[in-house]
>>> print(open('run-v9.txt').read())   # compact mmCIF, C-alpha atoms
# COMPACT_ATOMS: atom_id res chain seq x y z
CA MET V 1122 -36.22 -9.93 11.94
CA THR V 1123 -34.90 -12.85 9.88
CA ILE V 1124 -31.41 -13.91 10.94
CA PHE V 1125 -29.03 -15.42 8.43
CA THR V 1126 -27.08 -18.67 8.77
CA LYS V 1127 -23.96 -18.26 10.87
CA GLN V 1128 -20.80 -17.90 8.79
CA ASN V 1129 -17.63 -19.30 10.34
CA LYS V 1130 -15.32 -18.19 7.53
CA ILE V 1131 -14.28 -14.54 7.81
CA ASN V 1132 -14.75 -12.56 4.60
CA ARG V 1133 -11.51 -11.19 3.18
CA GLU V 1134 -12.82 -10.61 -0.33
CA LEU V 1135 -13.77 -7.07 -1.29
CA SER V 1136 -16.00 -8.50 -4.00
CA SER V 1137 -18.18 -10.04 -1.25
CA PHE V 1138 -18.61 -6.79 0.71
CA LYS V 1139 -22.03 -6.20 -0.88
CA THR V 1140 -23.52 -9.41 0.53
CA ALA V 1141 -21.41 -9.93 3.68
CA GLY V 1142 -21.56 -6.28 4.72
CA TYR V 1143 -17.94 -6.31 5.90
CA VAL V 1144 -14.39 -7.21 4.90
CA LEU V 1145 -11.22 -7.91 6.92
CA HIS V 1146 -8.10 -6.61 5.18
CA SER V 1147 -4.37 -6.73 5.90
CA LEU V 1148 -2.98 -3.27 5.21
CA GLU V 1149 -0.23 -2.92 2.63
CA CYS V 1150 1.57 -0.27 4.71
CA LYS V 1151 1.58 -1.66 8.25
CA GLU V 1152 4.37 0.74 9.19
CA SER V 1153 1.76 3.49 9.50
CA ILE V 1154 -0.03 1.46 12.19
CA TYR V 1155 3.21 0.82 14.07
CA GLU V 1156 3.93 4.56 13.94
CA LEU V 1157 0.59 5.16 15.66
CA ARG V 1158 1.32 2.44 18.24
CA SER V 1159 4.63 4.13 19.00
CA PHE V 1160 2.84 7.46 19.32
CA PHE V 1161 0.45 6.05 21.92
CA GLU V 1162 3.28 4.35 23.82
CA LYS V 1163 5.13 7.66 24.12
CA GLU V 1164 1.98 9.56 25.12
CA LEU V 1165 1.12 6.92 27.71
CA LYS V 1166 4.60 7.00 29.23
CA LYS V 1167 4.49 10.81 29.38
CA ARG V 1168 1.15 10.81 31.19
CA THR V 1169 1.82 7.95 33.62
CA ASN V 1170 5.59 8.32 34.05
CA SER V 1171 5.91 4.54 33.84
CA GLU V 1172 6.70 1.82 31.33
CA ILE V 1173 3.14 0.62 30.72
CA SER V 1174 2.68 -1.43 27.56
CA LEU V 1175 -0.51 -1.07 25.57
CA GLU V 1176 -1.44 -4.68 26.24
CA THR V 1177 -0.96 -4.51 30.03
CA TYR V 1178 -2.66 -1.11 30.45
CA HIS V 1179 -5.54 -2.62 32.47
CA HIS V 1180 -3.16 -3.78 35.23
CA PHE V 1181 -2.13 -0.20 35.91
CA VAL V 1182 -5.32 1.77 35.23
CA GLU V 1183 -8.16 0.15 37.15
CA ASP V 1184 -9.99 3.24 38.43
CA ASP V 1185 -12.77 4.26 36.01
CA LYS V 1186 -12.34 8.00 36.53
CA GLU V 1187 -8.62 7.72 35.81
CA GLN V 1188 -9.43 5.59 32.78
CA THR V 1189 -11.80 8.24 31.41
CA ARG V 1190 -9.28 11.01 32.00
CA LEU V 1191 -6.42 9.16 30.29
CA HIS V 1192 -8.67 7.96 27.46
CA TYR V 1193 -9.76 11.52 26.72
CA GLU V 1194 -6.24 12.96 26.92
CA LEU V 1195 -4.92 10.28 24.57
CA SER V 1196 -7.84 10.88 22.20
CA GLN V 1197 -7.14 14.62 22.09
CA ALA V 1198 -3.47 13.97 21.32
CA PHE V 1199 -4.50 11.49 18.61
CA TRP V 1200 -6.95 13.95 17.00
CA LYS V 1201 -4.32 16.68 17.01
CA SER V 1202 -1.71 14.39 15.40
CA LYS V 1203 -3.97 13.49 12.44
CA LEU V 1204 -2.01 10.23 12.16
CA HIS V 1205 -5.13 8.40 11.00
CA ILE V 1206 -5.03 10.51 7.82
CA GLU V 1207 -1.56 9.16 7.08
CA ILE V 1208 -2.79 5.59 7.52
CA PHE V 1209 -5.52 6.14 4.92
CA LYS V 1210 -3.16 7.91 2.52
CA LYS V 1211 -0.43 5.28 2.78
CA ASN V 1212 -3.01 2.54 2.08
CA ASN V 1213 -4.99 4.55 -0.44
CA LEU V 1214 -5.35 1.87 -3.12
CA PHE V 1215 -7.46 -0.36 -0.87
CA PHE V 1216 -9.71 2.42 0.42
CA LYS V 1217 -10.25 3.82 -3.09
CA GLU V 1218 -11.23 0.35 -4.28
CA LEU V 1219 -13.58 -0.03 -1.32
CA ALA V 1220 -15.37 3.32 -1.49
CA GLY V 1221 -14.30 5.28 -4.57
CA LEU V 1222 -11.95 8.03 -5.70
CA ASP V 1223 -13.81 10.89 -4.00
CA LEU V 1224 -13.62 10.19 -0.28
CA ASP V 1225 -14.22 12.07 2.95
CA VAL V 1226 -12.86 10.84 6.30
CA GLN V 1227 -13.98 11.38 9.88
CA VAL V 1228 -11.98 14.26 11.39
CA LYS V 1229 -12.04 12.93 14.96
CA PRO V 1230 -12.00 9.10 14.86
CA HIS V 1231 -13.12 7.15 17.90
CA PHE V 1232 -10.07 5.88 19.75
CA ARG V 1233 -11.13 2.82 21.79
CA LEU V 1234 -9.61 1.43 25.00
CA ALA V 1235 -11.28 -1.81 26.11
CA ARG V 1236 -9.62 -3.12 29.25
CA ALA V 1237 -9.70 -6.84 30.04
CA ASN V 1238 -12.80 -7.90 31.99
CA LYS V 1239 -14.26 -4.39 32.18
CA PRO V 1240 -17.78 -4.40 30.66
CA GLN V 1241 -18.05 -0.63 31.24
CA ASP V 1242 -15.46 -0.11 28.49
CA ASN V 1243 -17.84 -1.48 25.84
CA ILE V 1244 -21.19 -0.29 24.48
CA GLY V 1245 -22.76 -3.62 23.50
CA PHE V 1246 -24.37 -4.62 20.22
CA HIS V 1247 -25.94 -2.08 17.91
CA ARG V 1248 -26.20 -0.73 14.38
CA ASP V 1249 -24.62 2.66 13.73
CA ILE V 1250 -27.35 3.51 11.25
CA GLU V 1251 -29.82 3.84 14.15
CA TYR V 1252 -27.95 6.98 15.25
CA GLY V 1253 -28.96 8.95 12.17
CA VAL V 1254 -26.20 8.12 9.69
CA SER V 1255 -26.38 6.76 6.12
CA ALA V 1256 -25.96 3.22 4.83
CA TYR V 1257 -23.60 4.70 2.23
CA GLU V 1258 -21.07 5.42 4.98
CA THR V 1259 -18.49 2.85 6.07
CA SER V 1260 -16.74 2.28 9.38
CA CYS V 1261 -13.06 1.27 9.35
CA PHE V 1262 -11.91 -0.42 12.56
CA PHE V 1263 -8.09 -0.60 12.94
CA ALA V 1264 -6.33 -2.98 15.35
CA LEU V 1265 -3.44 -1.40 17.29
CA THR V 1266 -2.87 -4.57 19.34
CA ASN V 1267 -3.24 -8.22 18.40
CA ILE V 1268 -6.84 -9.18 19.19
CA VAL V 1269 -7.81 -12.78 19.99
CA SER V 1270 -11.37 -14.14 19.67
CA GLU V 1271 -12.15 -13.62 23.37
CA GLY V 1272 -11.44 -9.90 23.04
CA ALA V 1273 -12.56 -9.30 19.49
CA LEU V 1274 -15.34 -7.26 17.98
CA GLN V 1275 -18.30 -9.44 17.02
CA ILE V 1276 -20.47 -8.97 13.95
CA ALA V 1277 -23.56 -10.54 12.40
CA PRO V 1278 -22.69 -11.08 8.71
CA GLN V 1279 -25.32 -9.92 6.19
CA SER V 1280 -27.31 -8.14 8.91
CA HIS V 1281 -27.06 -4.86 6.96
CA THR V 1282 -29.78 -6.25 4.67
CA LEU V 1283 -32.30 -7.01 7.43
CA SER V 1284 -35.72 -5.39 7.28
CA ASN V 1285 -38.16 -4.50 10.05
CA VAL V 1286 -35.45 -4.25 12.70
CA LYS V 1287 -37.08 -3.11 15.92
CA ILE V 1288 -35.17 -0.72 18.16
CA LYS V 1289 -35.53 0.29 21.81
CA SER V 1290 -34.35 3.74 22.83
CA ILE V 1291 -32.83 3.78 26.33
CA ASN V 1292 -31.41 6.81 28.12
CA ASN V 1293 -27.84 6.37 29.35
CA ASP V 1294 -27.87 7.92 32.82
CA GLN V 1295 -24.06 7.83 32.96
CA VAL V 1296 -23.50 10.06 29.93
CA GLU V 1297 -24.68 13.56 29.02
CA LYS V 1298 -24.81 14.95 25.48
CA GLY V 1299 -21.51 16.68 24.67
CA SER V 1300 -19.75 15.23 27.74
CA ILE V 1301 -16.28 13.71 27.65
CA LYS V 1302 -17.66 10.17 27.45
CA HIS V 1303 -20.00 11.22 24.63
CA GLN V 1304 -17.00 12.63 22.75
CA LEU V 1305 -15.27 9.30 23.31
CA GLY V 1306 -18.07 7.51 21.45
CA VAL V 1307 -20.40 6.47 24.28
CA PRO V 1308 -24.05 7.30 23.40
CA TYR V 1309 -26.13 9.42 25.76
CA LYS V 1310 -29.12 7.48 24.46
CA PHE V 1311 -28.72 3.84 23.46
CA GLN V 1312 -30.53 2.60 20.36
CA THR V 1313 -30.62 -1.10 21.28
CA LEU V 1314 -31.91 -4.07 19.31
CA ALA V 1315 -35.28 -5.21 20.63
CA ASP V 1316 -34.93 -8.69 19.10
CA GLU V 1317 -32.08 -10.73 20.63
CA SER V 1318 -32.14 -13.46 17.97
CA PHE V 1319 -29.20 -11.77 16.19
CA ARG V 1320 -26.90 -13.36 18.80
CA ASP V 1321 -27.18 -16.73 17.07
CA SER V 1322 -25.45 -15.34 13.99
CA LEU V 1323 -22.59 -13.47 15.70
CA ILE V 1324 -19.01 -14.29 14.80
CA SER V 1325 -15.82 -12.95 16.39
CA ILE V 1326 -13.24 -11.21 14.22
CA PRO V 1327 -9.73 -11.83 15.63
CA MET V 1328 -7.28 -9.29 14.24
CA LYS V 1329 -3.56 -8.75 14.00
CA ILE V 1330 -1.78 -5.41 14.27
CA GLY V 1331 -2.01 -3.83 10.82
CA GLU V 1332 -5.41 -5.23 9.90
CA VAL V 1333 -8.58 -3.23 9.31
CA LEU V 1334 -12.19 -4.37 9.56
CA CYS V 1335 -14.46 -2.32 7.29
CA PHE V 1336 -18.22 -2.66 7.61
CA ASN V 1337 -21.46 -1.07 6.49
CA LEU V 1338 -23.05 1.15 9.15
CA ALA V 1339 -26.21 -0.97 9.10
CA LEU V 1340 -24.29 -4.11 10.16
CA ILE V 1341 -24.95 -5.42 13.68
CA HIS V 1342 -21.68 -5.32 15.62
CA GLY V 1343 -20.20 -4.73 19.06
CA GLN V 1344 -18.88 -6.37 22.19
CA GLU V 1345 -20.10 -6.54 25.79
CA ILE V 1346 -16.87 -7.52 27.53
CA ASN V 1347 -13.25 -8.08 26.57
CA LYS V 1348 -12.60 -11.56 27.97
CA SER V 1349 -9.00 -11.73 26.79
CA ALA V 1350 -5.92 -11.18 28.94
CA SER V 1351 -4.96 -7.93 27.18
CA THR V 1352 -6.32 -4.42 26.78
CA ARG V 1353 -7.71 -3.93 23.28
CA TRP V 1354 -6.42 -0.76 21.59
CA SER V 1355 -8.13 0.27 18.37
CA PHE V 1356 -9.65 3.18 16.54
CA ASP V 1357 -12.47 3.45 14.06
CA ALA V 1358 -12.92 6.12 11.44
CA ARG V 1359 -15.81 6.52 9.01
CA ILE V 1360 -15.39 7.22 5.33
CA LYS V 1361 -17.93 8.19 2.69
CA ASN V 1362 -18.21 9.34 -0.88
CA THR V 1363 -17.82 13.11 -1.03
CA PHE V 1364 -21.15 13.54 -2.81
CA ILE V 1365 -23.18 11.45 -0.38
CA LYS V 1366 -25.06 13.63 2.07
CA SER V 1367 -24.59 12.77 5.73
CA SER V 1368 -26.66 13.83 8.72
CA ALA V 1369 -23.41 14.43 10.63
CA ARG V 1370 -22.47 17.99 11.54
CA ASP V 1371 -20.48 19.92 8.93
CA GLU V 1372 -17.11 19.55 10.66
CA TYR V 1373 -17.50 15.77 11.15
CA TYR V 1374 -15.87 14.91 7.79
CA ALA V 1375 -12.94 16.33 5.83
CA SER V 1376 -11.84 15.61 2.26
CA LEU V 1377 -9.42 12.68 1.98
CA PHE V 1378 -9.10 11.98 -1.75
CA GLN V 1379 -10.41 13.74 -4.87
CA SER V 1380 -10.55 12.40 -8.42
CA PRO V 1381 -9.20 14.51 -11.31
CA ALA V 1382 -12.78 14.98 -12.55
CA THR V 1383 -13.89 16.33 -9.17
CA LYS V 1384 -10.88 18.65 -8.95
CA ALA V 1385 -11.74 20.06 -12.37
CA GLY V 1386 -15.37 20.56 -11.36
CA LEU V 1387 -14.40 22.30 -8.12
CA ASN V 1388 -12.04 24.54 -10.08
CA HIS V 1389 -14.94 25.60 -12.31
CA TYR V 1390 -17.31 26.36 -9.44
CA LYS V 1391 -14.58 28.23 -7.58
CA ASN V 1392 -14.50 30.71 -10.45
CA ASN V 1393 -18.26 30.59 -11.02
CA PRO V 1394 -19.80 30.80 -7.55
CA GLY V 1395 -23.55 30.43 -7.28
CA THR V 1396 -23.90 28.27 -10.41
CA GLN V 1397 -23.56 24.83 -8.81
CA LYS V 1398 -26.78 22.77 -8.82
>>> encode(input="run-v9.txt", output="structure tokens")
Amino acid sequence: MTIFTKQNKINRELSSFKTAGYVLHSLECKESIYELRSFFEKELKKRTNSEISLETYHHFVEDDKEQTRLHYELSQAFWKSKLHIEIFKKNNLFFKELAGLDLDVQVKPHFRLARANKPQDNIGFHRDIEYGVSAYETSCFFALTNIVSEGALQIAPQSHTLSNVKIKSINNDQVEKGSIKHQLGVPYKFQTLADESFRDSLISIPMKIGEVLCFNLALIHGQEINKSASTRWSFDARIKNTFIKSSARDEYYASLFQSPATKAGLNHYKNNPGTQK
């Protein structure tokens, strides 16, 4: 595995996404992110009956079982709200420029809670493509709290172009397939990188509330521990072109945007079933 030269400058140019494998973007409609923050604040207060801020969450929820319970309840409320759909729609120009006019979005995004100094809240470094997805799919990671370097996601720029990447498959004894933790995005079988040399090329991506980090699913990314003084609140949702086949189950994606040409085509096949090739 050939590792590229470390890049200290964070890519903010969509035109460089092809080579960098990622882009950090400041959303045009940040109000949609603040609406989601407010939603989580209200849900958290309702479930804890206290004035816990998102950033200080780790001071109040230290027990891991309680953390899992709250994390899952908040995730269920988030999925039911479909507020992530509004974020994509209110910032549609950027996402259409990134991935096209015909887009599908993940129905149940992964809502992440990474408490300060709790390694068990992170899944380490990996490439999503090793879990059976396509390199034509894109992950969009949204910051719901300000994230400093010590607590930020780390990536290896250009690593989506690596060849001969060796993987080790390791059973996760703490997680069963279909369990609550699995639904929260923790693998029941880790697909880990056998070659550790990627660490030399890692860079941290500090983020402000209202920013999104979009990256190719073959890009090496992750974090092992949040070393900041705050809990990191974020969510990540995948998007893909409607006509790209995914190995994900049928209900994993839902239509987000459709071009006029696609709408016309669908209108034809609706009235002529069985003729689509």
>>> atom_distance(input="run-v9.txt", atom1="atom CA of V:Ser1300", atom2="atom CA of V:Tyr1374")
20.3 Å
>>> closest_residue(input="run-v9.txt", among="V:Asp1321, V:Glu1194, V:Glu1271, V:Glu1251", to="V:Lys1289", atoms="only C-alpha atoms")
V:Glu1251
>>> residues_around(input="run-v9.txt", residues="stretch 1358-1365 of chain V", least_positions_apart="2", cutoff="12 Å", atoms="all atoms listed in the file", output="count of residues only")
59
>>> closest_residue(input="run-v9.txt", among="V:Gly1253, V:Pro1308, V:Gly1272, V:Pro1327", to="V:Val1296", atoms="all atoms listed in the file")
V:Pro1308
>>> atom_distance(input="run-v9.txt", atom1="atom CA of V:Glu1152", atom2="atom CA of V:His1342")
27.5 Å
>>> atom_distance(input="run-v9.txt", atom1="atom CA of V:Ala1339", atom2="atom CA of V:Lys1366")
16.2 Å
>>> closest_residue(input="run-v9.txt", among="V:Phe1319, V:Tyr1193, V:Phe1215, V:Tyr1252", to="V:Ser1290", atoms="all atoms listed in the file")
V:Tyr1252
>>> closest_residue(input="run-v9.txt", among="V:Leu1323, V:Leu1214, V:Asn1243, V:Thr1282", to="V:Ala1141", atoms="only C-alpha atoms")
V:Thr1282
>>> closest_residue(input="run-v9.txt", among="V:Met1328, V:Asn1292, V:His1180, V:Gln1344", to="V:Ile1276", atoms="all atoms listed in the file")
V:Gln1344
>>> axis_aligned_box(input="run-v9.txt", around="stretch 1222-1235 of chain V", padding_each_side="6 Å", output="AutoDock Vina command-line options")
--center_x -11.9 --center_y 6.2 --center_z 10.2 --size_x 16.6 --size_y 28.1 --size_z 43.8
>>> residues_around(input="run-v9.txt", residues="V:Thr1177", least_positions_apart="5", cutoff="9 Å", atoms="only C-alpha atoms", output="PyMOL selection string")
chain V and resi 1236+1350-1352
>>> closest_residue(input="run-v9.txt", among="V:Lys1139, V:His1146, V:Lys1201, V:Lys1329", to="V:Phe1160", atoms="all atoms listed in the file")
V:Lys1201
>>> residues_near_point(input="run-v9.txt", point="(-19.3, 3.8, 28.4)", cutoff="9 Å", atoms="only C-alpha atoms", output="list in words")
Pro1240, Gln1241, Asp1242, Asn1243, Ile1244, Asn1293, Gln1295, Val1296, Lys1302, His1303, Leu1305, Gly1306, Val1307 and Pro1308 of chain V
>>> residues_around(input="run-v9.txt", residues="V:Arg1248", least_positions_apart="6", cutoff="9 Å", atoms="all atoms listed in the file", output="list in words")
His1281, Gln1312, Thr1313, Leu1314, Leu1338, Ala1339, Leu1340, Ile1341, His1342 and Gly1343 of chain V
